[in-house]
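Below is one structure, written out as structure tokens, with a few remarks after it.
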Amino acid sequence: MPFGPVFSPSLALSLLQALLARHGRRAHVRYFSIRFAEIVGQSLYSQIASDGRPSIRELAGEWIFSGALAASSPRDDRRYLDEVLRGGGAWSDTRGRPPVSEKLIARILKARAAVESFLEECLEEVAAARPRLVGFTSIFQQHAASLALARRIKEACPGTVVVMGGANCEEVMGAETVRQYPFVDAVVSGEAEVVFPELVERALDGRALEGLPGVRTPTGVAAEFARGRFDTAPMVVDMDALPVPDFSDYFAQFEQSRFRSRWQPGLFFESSRGCWWGEKMHCTFCGLNGTTMAFRSKSAGRALRELEEITGRHPGCDVQVVDNILDLAYFKDFLPALARRGLDLDLFYETKSNLRKDQVRLLRQARVRTIQPGIESLSASVLRLMKKGVTGLQNVQLLKWCRELGVHPSWNILWGFPGEDPAEYTRMAELVPLLTHLAAPVGCGDIRLDRFSPNFVEAERLGLTDLQPLAPYRHVYRGLPEEALRNLAYYFSFRYLEPREVAAYVAPLRRALRGWQRSAEGSALFSVDVGGRLLVWDLRPAARGPLHVLDGLERDLYLGCDAATDVRTLAARHGRGEAEVEDSLGSAVERKLMIRDGGRHLALAVALGDYAPAPEARRRFERAARGLGRRDGKG
């Protein structure tokens with residue numbers, strides 16, 4: 001159901017479909033998401049589905065379907081529009097938060113007006129298929145739409161078993177779903193692959209669904225609330241035992257849509273589950289994985305075979321890997337094998353940001369062209385509060401290597417962590433002009449409080465209090481008691497135990513980041529090593545001059561700081577005194593060609609090789625070079 005991705009198939013449903021086929025059971029996946037995107041327009045649909053504006057905090061996707069779940073009055077609707085979309089009531093800190101435009105609000109209202117006829121269309125298609133069981137996957141903003149159709153199916157086809165699963169059904173959220181909406185026969189909490197085939201067999205045989213681990217039912221959920229414990233389904237242990245997902249239903253339906261001639265769908269590929277870093281140190285803001293943090297990955301051979309199979313069935317599709325984090329073992333087997341295959345792919349992976357340069361190079365060779373490295377900040381002290389396990393210098397280092405080696409990093413900056421030092425944001429604002437030749441963050445903003453994150457589970461200890469379901473939940477699930485809202489919600493508002501003026505102290509950094517994004521096309525800082533001299537061309541707005549020539553010790557030390565390095569190591573490596581090394585490095589820092597953090601130094605220039613400056617930066621370089629040539633009387 002909406003608002004699932006419209007230009008990619010559901011990995012969860014495609015896996016379950018293939019799994020049931022192994023057990024001799026026939027299943028079909030219906031992508032009503034495609035039809036609704038046709039009705040409301042791709043632009044609005046994608047804005048909502050991809051956390052644009054309105055953002056996921058405003059729950060516009062859920063509110064659009066809320067009137068089909070519980071009747072609302074015009075007054076109720078106005079309150080949502082005024083309090084949430086116009087008033088910023090979905091945010092912990094609303095100061096400076098621009099309201100949603102009236103034009104966009106009009107489009108949202110038009111989409112809401114189309115819901116009833118859309119649901120009737122969905123019901124007609126489901127009823128015509130006469131299914132014995134209907135399952136809904138519910139992640140992000142799919143819950144209200146799924147429940148609205150589930151109720152209609154149960155009313156029209158009372159013998160049909162209705163099941164729900166997905167992140168919105170984990171633990172108490174799933175328990176509250178079946179308690180409040182008894183037309184849902186069962187909810188699966190956690191990974192469904194182990195338990196779902198047995199659930200299907202029971203449903204088809206007319207047997208009770210109670211007693212299966214991680215499966216909630218309206219009759220059995222009272223006991224779980226009494227215990228205060230909500231078990232999850234058994235996790236998949238052997239990832240190689242999973243079937244290859246069957247995406248054929250999606251592509252057949254996409255080909256029948258009006259999007260077929262204008263858009264190329266993408267594929268989701270899964271090579272691991274859980275998070276090996278989260279097992280050691282759970283990032284404080286991260287609510288992913290719920291109770292399935294344990295890291296498991298497919299063998300290199302199995303992962304490669306699956307990737308070749310799905311891309312062979314559906315050629316030309318970009319592939320987004322859904323893993324929360326790249327398995328480090330893959331640098332030894334899967335990625336080298338992928339590089340040798342030379343497949344015509346553009347892959348996306350999430351990684352930690354403390355990658356080595358040779359690892360970034362291997363990602364490029366393996367056709368991993370985009371990564372999400374989880375940078376989140378350029379401050380070592382803020383990163384420690386997040387429990388990221390990296391430093392700000394390492395994050396800048398990765399951005400530099402990505403620029404040099406042709407891997408695009410998609411990253412964000414987060415702020416508003418309890419206990420953070422406001423002075424760090426002034427320092428980052430001063431750092432940003434030195435980084436404008438690197439990939440700018442795609443977004444920035446205050447932290448979101450998600451269920452299952454340490455900030456939620458250990459709120460008081462970490463400095464947060466007064467946790468409340470985000471205000472839009474009261475508009476989506478009208479009439480439900482506060483306890484039910486708290487149990488259904490995934491996103492929460494909060495207050496700081498020690499009040500802080502986040503909007504005020506991050507303002508300089510916010511301005512600097514806007515400048516970074518504006519100047520990215522024309523900014524460059526690159527080096528060329530020629531005849532024992534290092535020519536460093538500086539075309540950043542913050543440049544102290546267009547060309548710096550480094551030779552001797554200065555050149556050697558600069559090249560030695562391609563990775564962040566301390567003075568003692570450099571002195572020992574080059575047989576020089578620490579004071580001499582410090583003086584030479586200080587000159588590069590003064591000219592803004594290098595940054596220092598504590599005792600470690602990092603050269604900022606990108607080596608000219610695979611890297612090629614953007615066209616605007618190239619034009620600026622040519623103008624600067626001609627100017628220097630005229631000044632020096634040389635070509």
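Chain labels follow the order of the structure tokens: the first chain is A, the next B, and so on; residue numbering restarts at 1 in every chain, and ligands are counted from 1 in their shown order.
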Write out as a PDB file with N, CA, C and O atoms, in the first residue's frame each polymer residue whose atoms come within 6 Å of stretch 276-289 of chain A, counting only C-alpha atoms; drop sequence neighbours fewer than 6 positions from it.
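To be explicit, this is the file written out as out_9.pdb:
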ATOM      1  N   PHE A 295      24.189  -9.427  13.782  1.00  0.00           N
ATOM      2  CA  PHE A 295      24.638  -9.308  12.398  1.00  0.00           C
ATOM      3  C   PHE A 295      24.802 -10.683  11.769  1.00  0.00           C
ATOM      4  O   PHE A 295      25.422 -11.582  12.333  1.00  0.00           O
ATOM      5  N   MET A 386      27.353  10.414  20.019  1.00  0.00           N
ATOM      6  CA  MET A 386      26.538   9.518  19.187  1.00  0.00           C
ATOM      7  C   MET A 386      26.963   8.055  19.295  1.00  0.00           C
ATOM      8  O   MET A 386      26.234   7.174  18.869  1.00  0.00           O
ATOM      9  N   LYS A 387      28.186   7.823  19.787  1.00  0.00           N
ATOM     10  CA  LYS A 387      28.801   6.497  19.824  1.00  0.00           C
ATOM     11  C   LYS A 387      29.047   5.975  18.405  1.00  0.00           C
ATOM     12  O   LYS A 387      28.807   4.802  18.108  1.00  0.00           O
ATOM     13  N   LYS A 388      29.573   6.852  17.552  1.00  0.00           N
ATOM     14  CA  LYS A 388      29.836   6.473  16.172  1.00  0.00           C
ATOM     15  C   LYS A 388      31.136   5.697  16.003  1.00  0.00           C
ATOM     16  O   LYS A 388      31.340   5.014  14.993  1.00  0.00           O
ATOM     17  N   ASP A 450      13.502   8.069  17.598  1.00  0.00           N
ATOM     18  CA  ASP A 450      12.858   6.868  17.075  1.00  0.00           C
ATOM     19  C   ASP A 450      12.757   5.795  18.153  1.00  0.00           C
ATOM     20  O   ASP A 450      13.676   5.623  18.970  1.00  0.00           O
ATOM     21  N   ARG A 451      11.658   5.072  18.109  1.00  0.00           N
ATOM     22  CA  ARG A 451      11.522   3.901  18.977  1.00  0.00           C
ATOM     23  C   ARG A 451      12.700   2.947  18.727  1.00  0.00           C
ATOM     24  O   ARG A 451      13.206   2.849  17.618  1.00  0.00           O
ATOM     25  N   PHE A 452      13.124   2.258  19.756  1.00  0.00           N
ATOM     26  CA  PHE A 452      14.215   1.274  19.753  1.00  0.00           C
ATOM     27  C   PHE A 452      15.604   1.919  19.786  1.00  0.00           C
ATOM     28  O   PHE A 452      16.588   1.221  19.984  1.00  0.00           O
ATOM     29  N   SER A 453      15.718   3.233  19.571  1.00  0.00           N
ATOM     30  CA  SER A 453      17.033   3.868  19.664  1.00  0.00           C
ATOM     31  C   SER A 453      17.431   3.995  21.131  1.00  0.00           C
ATOM     32  O   SER A 453      16.570   4.076  22.015  1.00  0.00           O
ATOM     33  N   PRO A 454      18.736   4.015  21.442  1.00  0.00           N
ATOM     34  CA  PRO A 454      19.152   4.282  22.816  1.00  0.00           C
ATOM     35  C   PRO A 454      18.579   5.581  23.367  1.00  0.00           C
ATOM     36  O   PRO A 454      18.266   5.667  24.559  1.00  0.00           O
ATOM     37  N   ASN A 455      18.447   6.609  22.524  1.00  0.00           N
ATOM     38  CA  ASN A 455      17.855   7.864  22.996  1.00  0.00           C
ATOM     39  C   ASN A 455      16.427   7.665  23.486  1.00  0.00           C
ATOM     40  O   ASN A 455      15.954   8.412  24.350  1.00  0.00           O
TER      41      ASN A 455
END
Run DSSP on the backbone and grab whatever in stretch 125-326 of chain A lands in alpha helix (DSSP H); send it over as number ranges by chain.
-> A: 125-129, 143-156, 172-180, 196-205, 221-227, 248-255, 276-280, 300-313
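The shortest atom-to-atom distance to A:Ala440, with only C-alpha atoms taken into account, belongs to A:Ile413 out of A:Ile413, A:Ala167, A:Ala226, A:Ala543.
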Surrounding residues of A:Phe254 excluding itself and chain neighbours under 6 positions, 12 Å, only C-alpha atoms, as number ranges by chain = A: 6-9, 30-35, 37-38, 247-248, 260-266
Generate the output file for the selected residues, N, CA, C and O atoms, as an mmCIF file, in the first residue's frame.
data_model
loop_
_atom_site.group_PDB
_atom_site.id
_atom_site.type_symbol
_atom_site.label_atom_id
_atom_site.label_comp_id
_atom_site.auth_asym_id
_atom_site.auth_seq_id
_atom_site.Cartn_x
_atom_site.Cartn_y
_atom_site.Cartn_z
ATOM 1 N N VAL A 6 7.596 3.508 -4.960
ATOM 2 C CA VAL A 6 6.831 3.233 -6.176
ATOM 3 C C VAL A 6 7.729 2.779 -7.319
ATOM 4 O O VAL A 6 7.255 2.136 -8.255
ATOM 5 N N PHE A 7 9.027 3.064 -7.226
ATOM 6 C CA PHE A 7 9.924 2.700 -8.314
ATOM 7 C C PHE A 7 10.863 1.559 -7.935
ATOM 8 O O PHE A 7 11.927 1.385 -8.518
ATOM 9 N N SER A 8 10.465 0.773 -6.951
ATOM 10 C CA SER A 8 11.204 -0.426 -6.557
ATOM 11 C C SER A 8 10.221 -1.436 -5.984
ATOM 12 O O SER A 8 9.242 -1.054 -5.331
ATOM 13 N N PRO A 9 10.464 -2.712 -6.205
ATOM 14 C CA PRO A 9 9.598 -3.733 -5.610
ATOM 15 C C PRO A 9 9.854 -3.873 -4.116
ATOM 16 O O PRO A 9 10.908 -3.475 -3.610
ATOM 17 N N ARG A 30 0.389 -7.449 -4.941
ATOM 18 C CA ARG A 30 -0.333 -6.361 -5.582
ATOM 19 C C ARG A 30 0.299 -5.025 -5.162
ATOM 20 O O ARG A 30 0.335 -4.710 -3.970
ATOM 21 N N TYR A 31 0.749 -4.258 -6.155
ATOM 22 C CA TYR A 31 1.386 -2.974 -5.890
ATOM 23 C C TYR A 31 0.377 -1.852 -6.104
ATOM 24 O O TYR A 31 0.416 -1.140 -7.115
ATOM 25 N N PHE A 32 -0.511 -1.691 -5.113
ATOM 26 C CA PHE A 32 -1.464 -0.590 -5.184
ATOM 27 C C PHE A 32 -0.753 0.761 -5.032
ATOM 28 O O PHE A 32 -1.325 1.806 -5.360
ATOM 29 N N SER A 33 0.475 0.727 -4.560
ATOM 30 C CA SER A 33 1.287 1.942 -4.473
ATOM 31 C C SER A 33 1.459 2.574 -5.847
ATOM 32 O O SER A 33 1.402 3.814 -5.986
ATOM 33 N N ILE A 34 1.673 1.767 -6.871
ATOM 34 C CA ILE A 34 1.853 2.307 -8.221
ATOM 35 C C ILE A 34 0.592 3.041 -8.667
ATOM 36 O O ILE A 34 0.651 4.151 -9.211
ATOM 37 N N ARG A 35 -0.570 2.412 -8.414
ATOM 38 C CA ARG A 35 -1.830 3.023 -8.841
ATOM 39 C C ARG A 35 -2.066 4.350 -8.118
ATOM 40 O O ARG A 35 -2.494 5.328 -8.740
ATOM 41 N N ALA A 37 0.163 6.395 -6.913
ATOM 42 C CA ALA A 37 1.100 7.384 -7.454
ATOM 43 C C ALA A 37 0.599 7.925 -8.789
ATOM 44 O O ALA A 37 0.794 9.111 -9.099
ATOM 45 N N GLU A 38 -0.038 7.085 -9.576
ATOM 46 C CA GLU A 38 -0.639 7.562 -10.825
ATOM 47 C C GLU A 38 -1.757 8.569 -10.535
ATOM 48 O O GLU A 38 -1.908 9.574 -11.231
ATOM 49 N N PHE A 247 10.682 -10.781 -8.030
ATOM 50 C CA PHE A 247 10.213 -9.421 -8.318
ATOM 51 C C PHE A 247 9.277 -9.351 -9.525
ATOM 52 O O PHE A 247 8.916 -8.266 -9.974
ATOM 53 N N SER A 248 8.896 -10.505 -10.070
ATOM 54 C CA SER A 248 8.187 -10.511 -11.353
ATOM 55 C C SER A 248 6.839 -9.792 -11.283
ATOM 56 O O SER A 248 6.439 -9.114 -12.237
ATOM 57 N N ARG A 260 6.021 3.608 -17.115
ATOM 58 C CA ARG A 260 6.951 2.668 -17.761
ATOM 59 C C ARG A 260 7.866 3.331 -18.788
ATOM 60 O O ARG A 260 9.012 2.910 -18.955
ATOM 61 N N SER A 261 7.375 4.358 -19.470
ATOM 62 C CA SER A 261 8.188 4.977 -20.521
ATOM 63 C C SER A 261 9.114 6.071 -19.997
ATOM 64 O O SER A 261 9.993 6.528 -20.723
ATOM 65 N N ARG A 262 8.930 6.481 -18.737
ATOM 66 C CA ARG A 262 9.699 7.619 -18.210
ATOM 67 C C ARG A 262 10.641 7.255 -17.082
ATOM 68 O O ARG A 262 11.545 8.022 -16.758
ATOM 69 N N TRP A 263 10.435 6.099 -16.454
ATOM 70 C CA TRP A 263 11.225 5.758 -15.273
ATOM 71 C C TRP A 263 11.773 4.347 -15.398
ATOM 72 O O TRP A 263 11.115 3.458 -15.919
ATOM 73 N N GLN A 264 12.986 4.175 -14.909
ATOM 74 C CA GLN A 264 13.592 2.853 -14.824
ATOM 75 C C GLN A 264 13.555 2.405 -13.363
ATOM 76 O O GLN A 264 14.165 3.046 -12.504
ATOM 77 N N PRO A 265 12.810 1.355 -13.050
ATOM 78 C CA PRO A 265 12.769 0.915 -11.647
ATOM 79 C C PRO A 265 14.144 0.480 -11.150
ATOM 80 O O PRO A 265 15.035 0.132 -11.931
ATOM 81 N N GLY A 266 14.300 0.510 -9.838
ATOM 82 C CA GLY A 266 15.505 0.000 -9.210
ATOM 83 C C GLY A 266 15.225 -1.314 -8.513
ATOM 84 O O GLY A 266 14.074 -1.744 -8.387
#
Stretch 507-522 of chain A: which residues within 7 Å, counting only C-alpha atoms, same-chain residues fewer than 4 positions away excluded, as a list in words?
-> Tyr425, Thr426, Met428, Ala429, Val432, Pro433, Thr436, His437, Ala440, Ala503, Ala614, Glu616 and Ala617 of chain A
Can I get the selection written as a PDB file, in the first residue's frame, with N, CA, C and O atoms?
ATOM      1  N   TYR A 425      29.878  23.648  17.145  1.00  0.00           N
ATOM      2  CA  TYR A 425      29.190  24.052  15.920  1.00  0.00           C
ATOM      3  C   TYR A 425      29.808  25.316  15.326  1.00  0.00           C
ATOM      4  O   TYR A 425      29.816  25.496  14.108  1.00  0.00           O
ATOM      5  N   THR A 426      30.364  26.163  16.170  1.00  0.00           N
ATOM      6  CA  THR A 426      31.144  27.294  15.679  1.00  0.00           C
ATOM      7  C   THR A 426      32.403  26.787  14.990  1.00  0.00           C
ATOM      8  O   THR A 426      32.782  27.263  13.906  1.00  0.00           O
ATOM      9  N   MET A 428      32.860  23.834  13.593  1.00  0.00           N
ATOM     10  CA  MET A 428      32.508  23.192  12.323  1.00  0.00           C
ATOM     11  C   MET A 428      32.177  24.231  11.262  1.00  0.00           C
ATOM     12  O   MET A 428      32.494  24.061  10.083  1.00  0.00           O
ATOM     13  N   ALA A 429      31.512  25.313  11.663  1.00  0.00           N
ATOM     14  CA  ALA A 429      31.193  26.377  10.707  1.00  0.00           C
ATOM     15  C   ALA A 429      32.475  26.983  10.127  1.00  0.00           C
ATOM     16  O   ALA A 429      32.517  27.366   8.946  1.00  0.00           O
ATOM     17  N   VAL A 432      33.991  24.304   7.513  1.00  0.00           N
ATOM     18  CA  VAL A 432      33.269  24.033   6.270  1.00  0.00           C
ATOM     19  C   VAL A 432      33.857  24.747   5.055  1.00  0.00           C
ATOM     20  O   VAL A 432      33.993  24.138   3.983  1.00  0.00           O
ATOM     21  N   PRO A 433      34.241  26.041   5.109  1.00  0.00           N
ATOM     22  CA  PRO A 433      34.791  26.683   3.904  1.00  0.00           C
ATOM     23  C   PRO A 433      36.038  25.999   3.357  1.00  0.00           C
ATOM     24  O   PRO A 433      36.359  26.153   2.174  1.00  0.00           O
ATOM     25  N   THR A 436      34.837  22.815   0.717  1.00  0.00           N
ATOM     26  CA  THR A 436      33.849  23.016  -0.349  1.00  0.00           C
ATOM     27  C   THR A 436      34.206  22.274  -1.642  1.00  0.00           C
ATOM     28  O   THR A 436      33.381  22.198  -2.557  1.00  0.00           O
ATOM     29  N   HIS A 437      35.430  21.733  -1.748  1.00  0.00           N
ATOM     30  CA  HIS A 437      35.798  20.933  -2.926  1.00  0.00           C
ATOM     31  C   HIS A 437      35.353  19.484  -2.782  1.00  0.00           C
ATOM     32  O   HIS A 437      35.517  18.691  -3.714  1.00  0.00           O
ATOM     33  N   ALA A 440      29.235  17.811  -0.621  1.00  0.00           N
ATOM     34  CA  ALA A 440      28.487  18.460   0.452  1.00  0.00           C
ATOM     35  C   ALA A 440      27.450  17.491   1.018  1.00  0.00           C
ATOM     36  O   ALA A 440      27.013  16.558   0.341  1.00  0.00           O
ATOM     37  N   ALA A 503      18.656  25.779  17.940  1.00  0.00           N
ATOM     38  CA  ALA A 503      18.522  26.569  16.711  1.00  0.00           C
ATOM     39  C   ALA A 503      19.502  27.733  16.686  1.00  0.00           C
ATOM     40  O   ALA A 503      20.040  28.081  15.625  1.00  0.00           O
ATOM     41  N   ALA A 614      34.828  19.420 -11.570  1.00  0.00           N
ATOM     42  CA  ALA A 614      33.580  19.709 -12.278  1.00  0.00           C
ATOM     43  C   ALA A 614      33.835  20.776 -13.343  1.00  0.00           C
ATOM     44  O   ALA A 614      34.804  21.547 -13.251  1.00  0.00           O
ATOM     45  N   GLU A 616      32.632  23.715 -14.065  1.00  0.00           N
ATOM     46  CA  GLU A 616      32.789  25.084 -13.595  1.00  0.00           C
ATOM     47  C   GLU A 616      34.137  25.274 -12.908  1.00  0.00           C
ATOM     48  O   GLU A 616      34.818  26.291 -13.100  1.00  0.00           O
ATOM     49  N   ALA A 617      34.557  24.278 -12.117  1.00  0.00           N
ATOM     50  CA  ALA A 617      35.864  24.363 -11.464  1.00  0.00           C
ATOM     51  C   ALA A 617      36.981  24.318 -12.504  1.00  0.00           C
ATOM     52  O   ALA A 617      38.017  24.987 -12.360  1.00  0.00           O
TER      53      ALA A 617
END
By how many Å are atom CA of A:Gln141 and atom CA of A:Ala49 apart?
-> 7.4 Å
For A:Leu393, which residue out of A:Leu604, A:Thr137, A:Leu204, A:Pro469 is the nearest one, using only C-alpha atoms?
-> A:Leu604
Which one of A:Val100, A:Asp597, A:Glu176, A:Leu399 sits closest to A:Leu485 if you count only C-alpha atoms?
-> A:Glu176
At what distance in Å, to one decimal, does atom CA of A:Phe196 lie from atom CA of A:Val236?
-> 11.9 Å
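Between A:Leu434 and the residues A:Val528, A:Leu593, A:Gln365, A:Gly301, the shortest atom-to-atom distance, using only C-alpha atoms, involves A:Leu593.
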Using DSSP on the backbone, list every residue of stretch 52-223 of chain A that comes out as strand (DSSP E or B), and give them as JSON, numbers by chain.
-> {"A": [133, 134, 135, 136, 137, 161, 162, 163, 164, 165, 186, 187, 188, 215, 216]}
Prev. selection, N, CA and C atoms, output as a JSON list (two decimals), in the first residue's frame:
[["chain", "number", "residue", "atom", "x", "y", "z"],
["A", 133, "LEU", "N", -5.80, -15.71, 2.09],
["A", 133, "LEU", "CA", -5.05, -14.90, 3.06],
["A", 133, "LEU", "C", -4.53, -13.66, 2.35],
["A", 134, "VAL", "N", -4.59, -12.51, 3.01],
["A", 134, "VAL", "CA", -4.03, -11.26, 2.50],
["A", 134, "VAL", "C", -3.03, -10.74, 3.53],
["A", 135, "GLY", "N", -1.82, -10.47, 3.09],
["A", 135, "GLY", "CA", -0.79, -9.94, 3.98],
["A", 135, "GLY", "C", -0.37, -8.55, 3.57],
["A", 136, "PHE", "N", -0.16, -7.69, 4.55],
["A", 136, "PHE", "CA", 0.29, -6.31, 4.32],
["A", 136, "PHE", "C", 1.67, -6.12, 4.95],
["A", 137, "THR", "N", 2.58, -5.51, 4.21],
["A", 137, "THR", "CA", 3.83, -5.06, 4.82],
["A", 137, "THR", "C", 3.67, -3.59, 5.19],
["A", 161, "VAL", "N", -8.27, -14.39, 5.75],
["A", 161, "VAL", "CA", -7.38, -14.13, 6.89],
["A", 161, "VAL", "C", -6.50, -12.92, 6.54],
["A", 162, "VAL", "N", -6.49, -11.94, 7.43],
["A", 162, "VAL", "CA", -5.72, -10.71, 7.22],
["A", 162, "VAL", "C", -4.53, -10.69, 8.17],
["A", 163, "VAL", "N", -3.33, -10.53, 7.61],
["A", 163, "VAL", "CA", -2.08, -10.56, 8.38],
["A", 163, "VAL", "C", -1.29, -9.30, 8.07],
["A", 164, "MET", "N", -0.58, -8.78, 9.07],
["A", 164, "MET", "CA", 0.30, -7.64, 8.86],
["A", 164, "MET", "C", 1.68, -7.91, 9.44],
["A", 165, "GLY", "N", 2.69, -7.27, 8.86],
["A", 165, "GLY", "CA", 4.05, -7.36, 9.36],
["A", 165, "GLY", "C", 4.84, -6.14, 8.94],
["A", 186, "ALA", "N", -3.88, -11.41, 12.49],
["A", 186, "ALA", "CA", -2.57, -11.71, 13.07],
["A", 186, "ALA", "C", -1.56, -10.66, 12.62],
["A", 187, "VAL", "N", -0.60, -10.40, 13.50],
["A", 187, "VAL", "CA", 0.53, -9.52, 13.20],
["A", 187, "VAL", "C", 1.80, -10.28, 13.52],
["A", 188, "VAL", "N", 2.76, -10.23, 12.60],
["A", 188, "VAL", "CA", 4.06, -10.86, 12.83],
["A", 188, "VAL", "C", 5.05, -9.78, 13.25],
["A", 215, "VAL", "N", 3.94, -14.00, 16.83],
["A", 215, "VAL", "CA", 2.68, -13.75, 16.13],
["A", 215, "VAL", "C", 1.64, -13.29, 17.13],
["A", 216, "ARG", "N", 1.09, -12.08, 16.93],
["A", 216, "ARG", "CA", 0.04, -11.54, 17.80],
["A", 216, "ARG", "C", -1.33, -11.75, 17.16]]
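Among the candidates A:Arg486, A:Arg555, A:Lys400, A:Lys592, the residue lying nearest to A:Arg474 is A:Arg486 (atoms considered: only C-alpha atoms).
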Residues near A:Arg495, cut-off 8 Å, only C-alpha atoms, skip fewer than 4 positions along chain, as a count of residues only = 6
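For A:Arg356, the set of protein, DNA and RNA residues having any atom at most 12 Å away, when counting only C-alpha atoms and skipping those fewer than 3 positions along the same chain, is Leu328, Phe331, Thr351, Lys352, Ser353, Gln359, Val360, Arg361, Leu362, Leu363, Gln394, Asn395, Gln397, Leu398, Leu399, Lys400, Trp401, Cys402, Asp562, Ala563 and Ala564 of chain A.
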Those residues with C-alpha atoms, as an mmCIF file, in the first residue's frame please?
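Contents of part-v3.cif, as written:
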data_model
loop_
_atom_site.group_PDB
_atom_site.id
_atom_site.type_symbol
_atom_site.label_atom_id
_atom_site.label_comp_id
_atom_site.auth_asym_id
_atom_site.auth_seq_id
_atom_site.Cartn_x
_atom_site.Cartn_y
_atom_site.Cartn_z
ATOM 1 C CA LEU A 328 33.955 -6.008 6.374
ATOM 2 C CA PHE A 331 36.486 -6.702 1.212
ATOM 3 C CA THR A 351 29.160 1.647 5.416
ATOM 4 C CA LYS A 352 31.025 2.955 8.418
ATOM 5 C CA SER A 353 33.104 6.013 7.653
ATOM 6 C CA GLN A 359 38.870 -0.210 0.578
ATOM 7 C CA VAL A 360 37.357 2.856 -1.101
ATOM 8 C CA ARG A 361 39.290 1.994 -4.265
ATOM 9 C CA LEU A 362 37.955 -1.571 -4.167
ATOM 10 C CA LEU A 363 34.386 -0.291 -3.766
ATOM 11 C CA GLN A 394 38.309 10.376 9.663
ATOM 12 C CA ASN A 395 35.051 11.622 8.197
ATOM 13 C CA GLN A 397 39.441 11.878 5.162
ATOM 14 C CA LEU A 398 36.769 9.600 3.689
ATOM 15 C CA LEU A 399 35.126 12.493 1.844
ATOM 16 C CA LYS A 400 38.504 13.330 0.280
ATOM 17 C CA TRP A 401 39.209 9.764 -0.812
ATOM 18 C CA CYS A 402 35.709 9.395 -2.217
ATOM 19 C CA ASP A 562 47.068 11.807 2.756
ATOM 20 C CA ALA A 563 45.687 9.875 5.735
ATOM 21 C CA ALA A 564 45.415 11.628 9.091
#
Residues near A:Gln180, cut-off 12 Å, only C-alpha atoms, skip fewer than 3 positions along chain, as a PyMOL selection string | chain A and resi 69-70+147+151+172-177+183-185+217-219+221-222+477-481+483-485+487-488
